[in-house]
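Remarks on the structure that follows.
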Amino acid sequence: MRPEGIRRAQIEAEISEVRRLWSRGERATAVAGAEDLYRRFPGKHAVAQLLAYYLYTTRNLDRALAVAHDCFERFPNPQVLLLLCRILTRAGRDAEILKLTNGCSSNPRLLPYALLCRGGALLKISGEFDSAVELFHRAAEAGDLENDQAPAGAALRLDEFDLLATGNLAANSLRFLSAPPPERIETVVMAAADERYFRALHELYMGTFFACHPGANHVLHFHLYDPSESLLEEVADLAGARQGRLQFSWEMTDRTNRSYYYVGRFIQMPLLMLRYNAPIVATDIDCGFRAGIDPILEAVRDADLGMVEVERHIVPWRNLLANLVVFNCTETARMYAMAIRNFLLRLPNDVNYWYVDQLALVQCDYLARSAHAGKVVRVSQEWRQVVRQGTGKTGMPEAKAGRVANALARSSRPPQ
């Protein structure tokens with residue numbers, strides 16, 4: 001092997017070791033290792049980008065910005081631009097994103113991502129959703145965007161989204177399996193899953209829900225995609241044992257676009273709201289309950305929608321999360337549910353549905369702000385008190401179940 005090949009292999013081996021430390025949770029050691037690599041190999045793109053990301057994740061934002069700026073000057077590519085803008089928005093320096101992205105207009109490779117980041121920064125600074133939509137559309141037209149950026153082309157002007165709040169539910173294929181729910185319901189908590197996810201996760205979800213909600217007025221609803229006949233028989237027995245407190249619905253899809261499973265619960269939400277005259281808390285199924293949901297219900301008592309927000313992404317549909325959304329028992333909430341449903345159904349069946357449900361939530365949020373149409377509140381703090389999530393890079397439901405169980409175990413331990 002030539003000397004340059006030996007050197008490249010050495011660097012890659014050291015990068016792999018740093019990543020291994022990071023994945024094992026030894027973050028301080030991994031950051032120190034990345035800093036050492038950056039000192040010895042400052043011209044190596046992978047090293048600079050890795051260090052900038054680790055510094056950003058551990059909230060050493062000033063140092064992360066310095067490394068990311070240096071990396072972008074040396075290697076002006078879309079991934080580094082996105083990371084740099086992400087660090088800037090986390091640091092509250094969105095105005096600098098406008099200046100940075102303005103200088104990328106002559107580079108066709110950077111242009112789609114520059115327009116995307118510019119739209120996100122403009123929205124945070126001004127709150128002008130329609131102006132941001134124009135930039136998002138230009139970004140989608142300028143080049144192919146990756147999965148978490150692809151929703152840019154689907155964004156609607158707020159007046160267009162508002163028009164989706166009416167419609168006919170007759171074509172909906174939702175079927176209910178369970179006996180009628182109790183006459184008086186305080187709230188409904190629901191999750192949706194295909195058969196594999198349901199089998200791997202429902203016992204933990206259901207067990208923690210009923211442990212935290214012993215009262216008969218809290219109902220649990222599971223929505224199933226493409227269930228087998230044997231599963232329908234099993235869940236009928238489960239429901240019968242809970243005397244109406246455990247409800248099921250199901251639908252058959254054409255199975256050609258499994259990403260529909262991410263958004264189906266929102267498409268079916270208007271019919272669920274018709275069935276239950278109570279607030280509905282829609283969650284992911286890869287979570288467990290460590291406390292009752294009363295704090296969440298109290299937070300939305302005088303509102304129409306409740307959403308979980310994080311503030312670390314440049315595009316808005318990554319900041320409003322779909323893993324817990326509250327639809328209160330109001331006419332405005334029903335209109336928002338219908339708008340979300342119709343927004344999702346208007347997308348071509350062969351598109352990837354990742355993050356478009358969160359884009360729909362963003363549009364509800366900004367419609368409420370701009371037109372004073374109802375009230376949307378944040379339930380981020382309450383969500384963290386009540387729920388432990390099993391998210392992660394792997395889509396394996398068994399792995400997610402393990403992470404939920406571990407998170408619940410950690411949260412129950414007394415402080416050291």
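Within each chain, counting starts at residue 1; across the structure tokens, chains are named A, B, ... in the order shown, with ligands numbered 1 upward in that order.
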
- stretch 65-74 of chain A: which residues within 6 Å, counting only C-alpha atoms, same-chain residues fewer than 6 positions away excluded, as an NGL selection string? :A and (48 or 52 or 80 or 84)

- Item | Filtered DSSP result for stretch 318-367 of chain A, state strand (DSSP E or B), as JSON, numbers by chain | {"A": [320, 321, 322, 323, 324, 325, 326, 327]}

- Query: Which neighbours of stretch 258-272 of chain A fall inside 6 Å, counting only C-alpha atoms, when residues of the same chain fewer than 3 positions from it are skipped, and could you give them as a list in words?
  - Reply: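 Near stretch 258-272 of chain A, the qualifying residues are Arg275, Ala337, Met338, Arg341, Tyr353 and Asp357 of chain A.
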
- Message: Report as a PyMOL selection string all protein, DNA and RNA residues lying within 9 Å of A:Glu309, evaluated on only C-alpha atoms, omitting residues in the same chain fewer than 3 positions from it.
- Response: chain A and resi 318-321+378-380

- Using only C-alpha atoms, determine which residues lie at most 10 Å from A:Arg90, disregarding the query and same-chain residues fewer than 5 positions distant; provide the list as a VMD selection string. chain A and resid 56 59 61 84 to 85 311 to 314

Those same residues, written as a short mmCIF file (atom, residue, chain, number, x, y, z; two decimals), in the first residue's frame with N, CA and C atoms?
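Done, and the output landed in out-v2.cif:
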```cif
data_model
loop_
_atom_site.label_atom_id
_atom_site.label_comp_id
_atom_site.auth_asym_id
_atom_site.auth_seq_id
_atom_site.Cartn_x
_atom_site.Cartn_y
_atom_site.Cartn_z
N TYR A 56 -21.39 20.89 18.59
CA TYR A 56 -22.77 21.40 18.54
C TYR A 56 -23.68 20.58 19.46
N ARG A 59 -23.27 21.29 22.98
CA ARG A 59 -23.59 22.70 23.24
C ARG A 59 -22.38 23.59 23.48
N LEU A 61 -21.16 25.85 21.57
CA LEU A 61 -21.57 26.46 20.31
C LEU A 61 -20.51 27.38 19.72
N LEU A 84 -23.63 24.16 9.57
CA LEU A 84 -23.28 25.52 10.01
C LEU A 84 -24.55 26.31 10.33
N CYS A 85 -25.55 26.23 9.46
CA CYS A 85 -26.80 26.96 9.72
C CYS A 85 -27.52 26.41 10.94
N GLU A 311 -36.10 23.39 19.64
CA GLU A 311 -35.59 24.57 18.94
C GLU A 311 -34.13 24.35 18.57
N ARG A 312 -33.91 23.40 17.67
CA ARG A 312 -32.54 23.15 17.29
C ARG A 312 -32.36 22.90 15.80
N HIS A 313 -33.43 23.07 15.01
CA HIS A 313 -33.34 22.81 13.58
C HIS A 313 -33.61 24.08 12.79
N ILE A 314 -33.10 24.12 11.58
CA ILE A 314 -33.25 25.31 10.75
C ILE A 314 -34.60 25.32 10.04
#
```

- Task: Determine, counting only C-alpha atoms, which protein, DNA and RNA residues have an atom within 8 Å of an atom of A:Phe161; residues of the same chain fewer than 5 positions away are not included. Present the result as an MDAnalysis selection string.
- Result: chainID A and resid 156 339 343 363

- Query: For A:Arg199, which residue among A:Pro182, A:Arg242, A:Glu234, A:Gly306 is the nearest when counting only C-alpha atoms?
  - Reply: A:Glu234

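Ranking A:Trp250, A:Ala95, A:His372, A:Cys117 by their shortest atom-to-atom distance to A:Ala140, with only C-alpha atoms included, puts A:Cys117 first.
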
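Every protein or nucleic acid residue with an atom no more than 9 Å from stretch 215-217 of chain A, counting only C-alpha atoms and leaving out same-chain residues fewer than 6 positions away, appears here: A:Pro182, A:Glu183, A:Arg184, A:Ile185, A:Glu186, A:Thr187, A:Val188, A:Gly244, A:Arg245.
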
Take the selection from the previous step and output its residues with N, CA, C and O atoms, as a short mmCIF file (atom, residue, chain, number, x, y, z; two decimals), in the first residue's frame.
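Saved result, selection_20.cif, follows:
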```
data_model
loop_
_atom_site.label_atom_id
_atom_site.label_comp_id
_atom_site.auth_asym_id
_atom_site.auth_seq_id
_atom_site.Cartn_x
_atom_site.Cartn_y
_atom_site.Cartn_z
N PRO A 182 -66.94 4.09 27.32
CA PRO A 182 -67.75 4.57 28.45
C PRO A 182 -68.49 5.85 28.07
O PRO A 182 -68.06 6.61 27.21
N GLU A 183 -69.62 6.09 28.71
CA GLU A 183 -70.44 7.25 28.37
C GLU A 183 -69.72 8.56 28.67
O GLU A 183 -69.81 9.52 27.90
N ARG A 184 -69.01 8.60 29.76
CA ARG A 184 -68.29 9.83 30.13
C ARG A 184 -66.80 9.58 29.99
O ARG A 184 -66.24 8.73 30.67
N ILE A 185 -66.16 10.31 29.08
CA ILE A 185 -64.73 10.17 28.84
C ILE A 185 -64.04 11.49 29.14
O ILE A 185 -64.46 12.54 28.66
N GLU A 186 -62.99 11.42 29.91
CA GLU A 186 -62.21 12.63 30.19
C GLU A 186 -61.22 12.90 29.07
O GLU A 186 -61.03 14.04 28.66
N THR A 187 -60.58 11.86 28.57
CA THR A 187 -59.66 12.01 27.45
C THR A 187 -59.41 10.67 26.79
O THR A 187 -59.63 9.62 27.39
N VAL A 188 -58.97 10.71 25.54
CA VAL A 188 -58.57 9.53 24.78
C VAL A 188 -57.11 9.68 24.42
O VAL A 188 -56.70 10.71 23.87
N GLY A 244 -64.52 -1.49 27.70
CA GLY A 244 -64.70 -0.24 26.97
C GLY A 244 -63.55 0.74 27.07
O GLY A 244 -63.47 1.70 26.31
N ARG A 245 -62.64 0.51 28.01
CA ARG A 245 -61.53 1.45 28.17
C ARG A 245 -60.43 1.24 27.14
O ARG A 245 -59.54 2.09 26.99
#
```

- May I ask which of the residues A:Arg118, A:Ala303, A:Thr208, A:Val310 is the closest one to A:Ala409, counting only C-alpha atoms?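 The shortest atom-to-atom distance to A:Ala409 comes from A:Thr208.
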
- Backbone DSSP call of helix (DSSP H, G or I) for stretch 238-403 of chain A, listed as a PyMOL selection string: chain A and resi 238-241+260-267+269-275+294-299+316-318+331-345+356-371+380-386+397-403

- Item | Computed interatomic separation between atom CA of A:Leu100 and atom CA of A:Lys44 (Å) |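 Straight-line distance from atom CA of A:Leu100 to atom CA of A:Lys44 works out to 22.6 Å.
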
Give me the residues of stretch 213-305 of chain A that have any atom at most 6 Å from an atom of stretch 382-389 of chain A; for each, the nearest atom pair and the distance in Å, rounded to one decimal. Use only C-alpha atoms, sort by chain and number, and format it as CSV.
```
residue,atom,partner,partner_atom,distance
A:Cys287,CA,A:Gln389,CA,4.3
A:Gly288,CA,A:Arg388,CA,5.4
A:Phe289,CA,A:Val387,CA,4.8
A:Arg290,CA,A:Val386,CA,5.4
A:Ala291,CA,A:Val386,CA,4.8
A:Pro295,CA,A:Glu382,CA,5.9
A:Ile296,CA,A:Glu382,CA,5.5
```

- May I ask which of the residues A:Glu195, A:Met190, A:Phe210, A:Arg39 is the closest one to A:Val325, counting only C-alpha atoms? A:Met190
